[in-house]
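Asker: This structure is in structure tokens; I'll ask about it shortly.
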Amino acid sequence: MAKPLIEVRNLSAYYYNGKKVEKAVEGVSFQVDQGETVGIVGESGSGKTTLGRTLMRLLKPDYGEIKYSGTEITHMKEQQLRPYKKELQMIFQNPYESLSPRMKVGEIIEEPLVIQKMFSKKERTEKAFEMIEKVGLPRSSYGKTIHEFSGGQRQRIAIARALIMKPKLIIADEPVSALDVSVQAQILNLLKDLQREYSLTMIFISHDLSVVHHMSDRVAVLRHGHLLEMGEKKEIYQNPLHPYTRSLLASIPRTDPNLRHIKQEPIEVPPQSPHPPQLIDVENGHYVAADVIEIKNFEVSERKRLEV
Amino acid sequence: MSFQTYFKKLKTIFLGVVFISFLPSLLYGFDQTINLRSYTLNGKTYDLFPSIFDKYLYSMTILLGALLVGLFVAIVLTFLTSLLPNLLKRFVYGLITLFESLPDLLIVISLQLIIVYIFQKTGWLISNVTVVYDDKVYLLPILALSALPTIQLFKITFLLLNEERVKPYVTVVKAMGIGDYYILIRHVFRNVLFNLFLYFKTIFVFMLSNLFILEYVFNIHGLMMIMLSPNTFVFLISTMLITIPFLFLFEVVQSFLHKSTSSKEVEAA
Amino acid sequence: MNWKLFKQPQLLIGMLIILTLLFLSFGFQSFFTMPEEVKYLYDEDGSMIGVAPFTPTEVPPFGTDKFGRSLFHLILKGAKYTILIAFGIAILRVAAAGILAVFYHHYYNKLRTVLEDIIESTLFIPSSILAFILLAPLTVHQVQQDRGFTEILTIQCILLVLIGIPQLLSTFTKDMAKIAEKEYIISIQSLGAKPFYVYWKHILPEMASRFVLVTAQQIIQVLILLAHLGVLLIFLGGRSTFTVGDIFNEHEVFTTKTGEWAGLIGHNFQEIMLKPHTLLIPLAFFSLTIFSLNLVINGIQNHIQPTSRGGRK
Amino acid sequence: MELLDVRNLRVTFQSGKEEMEAVQDISFTVKKGETVALIGESGSGKSVTSLAIMGLLPENGRVKDGSILFKGGDLLQRSKKEMQQIRGKEISMIFQDAMVSLNPSMKIGKQITEGLKYHKITERRNLKQEALRLLSVVGFTNPSTVYHQYPGQLSGGMKQRALIAMAISCEPELLIADEPTTALDVTIQKQILELMNEYKIKTETSMLLITHDFGVVSEYADRVLVMFGGKIVEAADVFTIFNRPIHSYTRGLMNSIPRIESPQDYLTTIRDSAVENPFYKGRAFAPETYSLELKTYYSESELVEVEPGHYVRFFTEKEGVTQTWQNL
């Protein structure tokens, strides 16, 4: 069994909207093992972005703890965190906004090294060129300004920047949702290639179930800040237990017009519970949120499965 | 709108004003006059209470009157320019820049001179130019004070209108086959007026400054003049007299805006 | 900020006017000689027909003040003081507020309680009154303690700079908060950058064009403020006092020591009804300068967002 | 007779001194009760086409050539007044970004009946009743509450419902939906699309559905036009497109979406498809004939009917190509 690289226990982060306290993430626990990709699926307002940023320690969690390869980093000060930020890197959603508009491509890609004061200037340039080629851009990109690049190319630059420090963990927050379909495929392929090459651990956050399915080994479903279901990809997609997961899956448009006459019954999703749900291991690391009534249902469905 | 935040802000401002009013002492040593009964202006001594309320009312009448006149004229002007072809609109915008550049002092003095000139030519006096005694004039100060806010408001509404006209919801309404003038009046103009409230604070501060120079040049014995008298207490009480109602007004406007357009960020630009 | 900014015609015209004024003012000695003071005018027979101040028609081009000095020359001479002092105060205001805003934004939760009072309350006090209250005691001190010209000027400038800071601080902090929310700033933070690096390399450069714009606006505000103070007989660098009139009708006249325009307005203020040109001409130059600055501002704004201005689509 | 018949439409945009062609020679028809989908990526000209039909092109855009026949009459020949009578009443449009598509300061109830009021379809005193009915048609369970709410108080899905209510208020014959669900969550997307489809079937309204999502097309469209760089690259009924896509761009678009039911380790991109397509032999969409980034074509091309009702854009001579197809 691989060692957990990042462990999250009972993580809660709130944000303050005027006087009101709103939950962004509440009572979330999971772990990511070395080398695996965990997909986090959630719709808007599910707290997936907050979760990603809290893991990066861009936000300070209100409760709970985050352990990075055994060390607790929850309450570390910025000074102490700096070495960890070499190993944790993030890719953001919108390549039009996540790259500084006033810098040259080369500067952008080298910036992490400058910030962490690594290597000499010459070595940094060399590394930047190497990364530019790795992500499939021409070497001439180095001296160009960011305005000359399309969305897909910009996302490649963002990936090059994230990978120049040879990180261990990548948190990708909706890295392809701002891109055209054809470009999306290229970026996903690139991410997969690079993941293999650098044996990266990855947390892949997205609203798109197909993309998460494509990228991940394990999947977690987030709704209104609560973790509802988590497990191996196969388990989640073929044997979804939580009604919310099932409704998400049923909402994906089928890409076959021959199926359109088959009507799908709408799935009743229970209202959000006020407290973070207890996660129960149903089978083989397939966790599901359960209050008392739901546990009964799961038992039934499990029994059914056994009979089959 | 909650009274709690209002009073909290009021307290904040009060502390700030107290600090500012004793700043001269901090800078030059403690030799400030504090007199709770009376104040001196141009060598004469006046009772502070209750006459300060009278002056206060007078100054605020001029201020609000000018604001209303300015608002009205600005809206009419914007509406008229919105009907002009694009080339003329640019010309109008150029004119705004020109007029905007005139200092308040110039406008106040010129107005005064124009009226004297008219009087000399025709013997027809629109309004007493300067006030020597305690009788009050309204028309001229209001007109003089409204000149610059009119230009500013005109500029703001003009720019807001241009911004508003290309917003997606206008296209949606157009797609319903609704006529241009109907859209302009019922949708675009309405929202421009809403957004105008965001500039309320900016205009207000600007007008206070104008009012001050107006009172000085016209020799109007109003609240702003009183503030010039070397008496710290007068400064303190005058400022609070302005703050108490207007802060309330700002808060009401803010909460009102927040309610009707809750997605919008409310702040004075 | 880049060089394309200088392709804006409005900006160029505005800068040209201001630079011309400054050029004429600095080269004053080499272009002009200060004409003789004209205190009295005589007709051909040699009998006196008028006493200063004179109107532009009597003494072209702009007439004289009450000491018989040519307004045209006074204005050109004073241009450099007026414009440069306003420039200096505005730049110092923006620079100081910009630096303070970094700290205010970074330590917002700690500093807010201290500074919010002052920032909020300055909203309700017209800056002219604020300036008057702070500067008026100086004129008394000048006489009483016989302070020097430079000392007075320095104190005045420092106070004028300080007066403008609270408002700027609040706008800059709001701007910074907006920029700090942008994804690319967050992405820089995720790389483990020190706060200083983030401000210096990213947030402040992002605000550069904003700083230029605000500086131009501040120059206008300082100019208007100076004009107001001039009317209130507060002149930069203190004032010189002359006694004029005959024994029966003696009164004091205050004049400016630097010759800046606000001083011209101030010492001619009593002539408002009789010889209005002595006020209107300096004011016209104020307007010209402000207009040029407005042109500069329009140019910058057109450069920043080319479509949203001026009825063009 | 077709309800809508667009013939050889060309739309250009003036940007600076340059004139850019956003839509180049597009022809298609929409029959009564039919849903036609325009599918393409950003910059394909699909939204511009819809705006041209509505007569709502931005100031710097203009129709350079072609005709848009609606019920036999050319919309491009109509005066401004006449177009106003058609917009909203006969053709109406649902826009992409519901978040900004409603007037923030007007109550929902008032806003959705603007068309009815302006066109004097419903009497003033019945407006409120009609608004409540429309709100319940689009699935609000509490119409009287929503009636008095401002757009800022509604979620994205609810705003889109309100927009639909507005679009169908005058019972138009043609509904143009420009990416109606792109900004919404998947679960909401499904609800909104179902709602639109139900309404369409019930009232026999025709629909022009503009989207980038093949999933949406496969569920709801009758006929499909695939667009790229301002041109139609493939057009057929929905079953043909999905069962026998020919053009490599179509195939590329379809394959580049990761699929849950048939997972692949590597996603086929459009570039790969261009190489792999057995039909075109370097002709239909060879990499040298187009630029994916610039969204333009480098060589001449023509739309060829390869089987009845199935059109594909081919480069070079059409005969050779058609034969290749027929030989198969």
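By convention in this document, the chains of the structure tokens carry letters A, B, ... by their order, each chain's residues are numbered from 1, and ligands are numbered from 1 in the order they are shown.
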Sort by chain and increasing residue number a table of all residues of chain C within 6 Å of chain B, each with its closest pair of atoms and their distance in Å to one decimal, counting only C-alpha atoms, and write it as CSV.
Answerer:
```
residue,atom,partner,partner_atom,distance
C:Asp117,CA,B:Gly16,CA,4.5
C:Ile118,CA,B:Gly16,CA,4.5
C:Glu120,CA,B:Ile13,CA,5.8
C:Ser121,CA,B:Ile13,CA,4.6
C:Pro126,CA,B:Ser209,CA,4.7
C:Leu134,CA,B:Pro24,CA,5.6
C:Ser287,CA,B:Leu102,CA,5.0
C:Ile290,CA,B:Ser101,CA,5.3
C:Phe291,CA,B:Ser101,CA,4.8
C:Gly310,CA,B:Arg90,CA,5.2
C:Gly311,CA,B:Arg90,CA,5.5
```
Asker: Select all residues from chain A having any atom no more than 12 Å from an atom of chain C (counting only C-alpha atoms, ignoring ligands), output as JSON, numbers by chain.
Answerer: {"A": [49, 52, 53, 54, 55, 56, 57, 58, 59, 77, 78, 79, 80, 81, 82, 83, 84, 85, 86, 87, 88, 89, 90, 91, 92, 93, 94, 95, 96, 97, 98, 99, 100, 101, 102, 103, 107, 108, 109, 110, 111, 112, 113, 114, 115, 116, 117, 158, 159, 161, 162, 163, 164, 165, 167, 170, 171, 172, 173]}
Asker: Calculated over only C-alpha atoms, which of the candidates A:Lys192, A:Arg246, A:Lys127, A:Arg156 has the smallest distance to D:Thr187?
Answerer: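 The closest residue to D:Thr187 is A:Arg246.
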Asker: With a distance cut-off of 10 Å and only C-alpha atoms, select the neighbouring residues of stretch 263-266 of chain D, excluding the residue or stretch itself and same-chain residues fewer than 6 positions from it, and output the selection as a list in words.
Answerer: Ala185, Gln186, Leu188, Asn189, Leu190, Lys192, Asp193, Ser210, His213, His214 and Met215 of chain A; Ser256 of chain D
Asker: Report as JSON, numbers by chain all protein, DNA and RNA residues lying within 7 Å of C:Glu260, evaluated on only C-alpha atoms, omitting residues in the same chain fewer than 5 positions from it.
Answerer: {"C": [78, 79, 81, 82]}
Asker: Could you save those same residues with N, CA, C and O atoms as a PDB file, in the first residue's frame?
Answerer:
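Okay, again24.pdb is ready:
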```
ATOM      1  N   GLY C  78       4.974  83.319 -12.046  1.00  0.00           N
ATOM      2  CA  GLY C  78       4.442  82.471 -10.974  1.00  0.00           C
ATOM      3  C   GLY C  78       4.083  81.074 -11.424  1.00  0.00           C
ATOM      4  O   GLY C  78       3.857  80.192 -10.596  1.00  0.00           O
ATOM      5  N   ALA C  79       4.015  80.869 -12.750  1.00  0.00           N
ATOM      6  CA  ALA C  79       3.533  79.581 -13.253  1.00  0.00           C
ATOM      7  C   ALA C  79       4.339  78.427 -12.684  1.00  0.00           C
ATOM      8  O   ALA C  79       3.799  77.413 -12.250  1.00  0.00           O
ATOM      9  N   TYR C  81       6.074  78.108  -9.945  1.00  0.00           N
ATOM     10  CA  TYR C  81       5.806  77.780  -8.538  1.00  0.00           C
ATOM     11  C   TYR C  81       4.475  77.039  -8.404  1.00  0.00           C
ATOM     12  O   TYR C  81       4.371  76.001  -7.783  1.00  0.00           O
ATOM     13  N   THR C  82       3.443  77.640  -9.025  1.00  0.00           N
ATOM     14  CA  THR C  82       2.110  77.060  -8.895  1.00  0.00           C
ATOM     15  C   THR C  82       2.084  75.621  -9.388  1.00  0.00           C
ATOM     16  O   THR C  82       1.688  74.708  -8.672  1.00  0.00           O
TER      17      THR C  82
END
```
Asker: Counting only C-alpha atoms, which residues from chain D have an atom at most 12 Å from any atom of chain C, and could you show them as a ChimeraX atom specification?
Answerer: /D:14-16,58-60
Asker: Can you work out which residues from chain A touch chain D at a cut-off of 7 Å (counting only C-alpha atoms) and hand them back as a list in words?
Answerer: Glu43, Ser44, Asp180, Val181, Ser182, Ala185, Gln186, Asn189, Ser210, Val211, His213, His214, Leu248, Ser251, Ile252, Pro253, Arg254, Thr255, Asp256, Pro257 and Arg260 of chain A
Asker: Would you kindly return, as a list in words, each protein, DNA or RNA residue with an atom no farther than 7 Å from any atom of A:Ala128, considering only C-alpha atoms and excluding same-chain residues fewer than 2 positions away?
Answerer: Gly106, Ile109, Glu110, Arg124, Thr125, Glu126, Glu130, Met131 and Ile132 of chain A
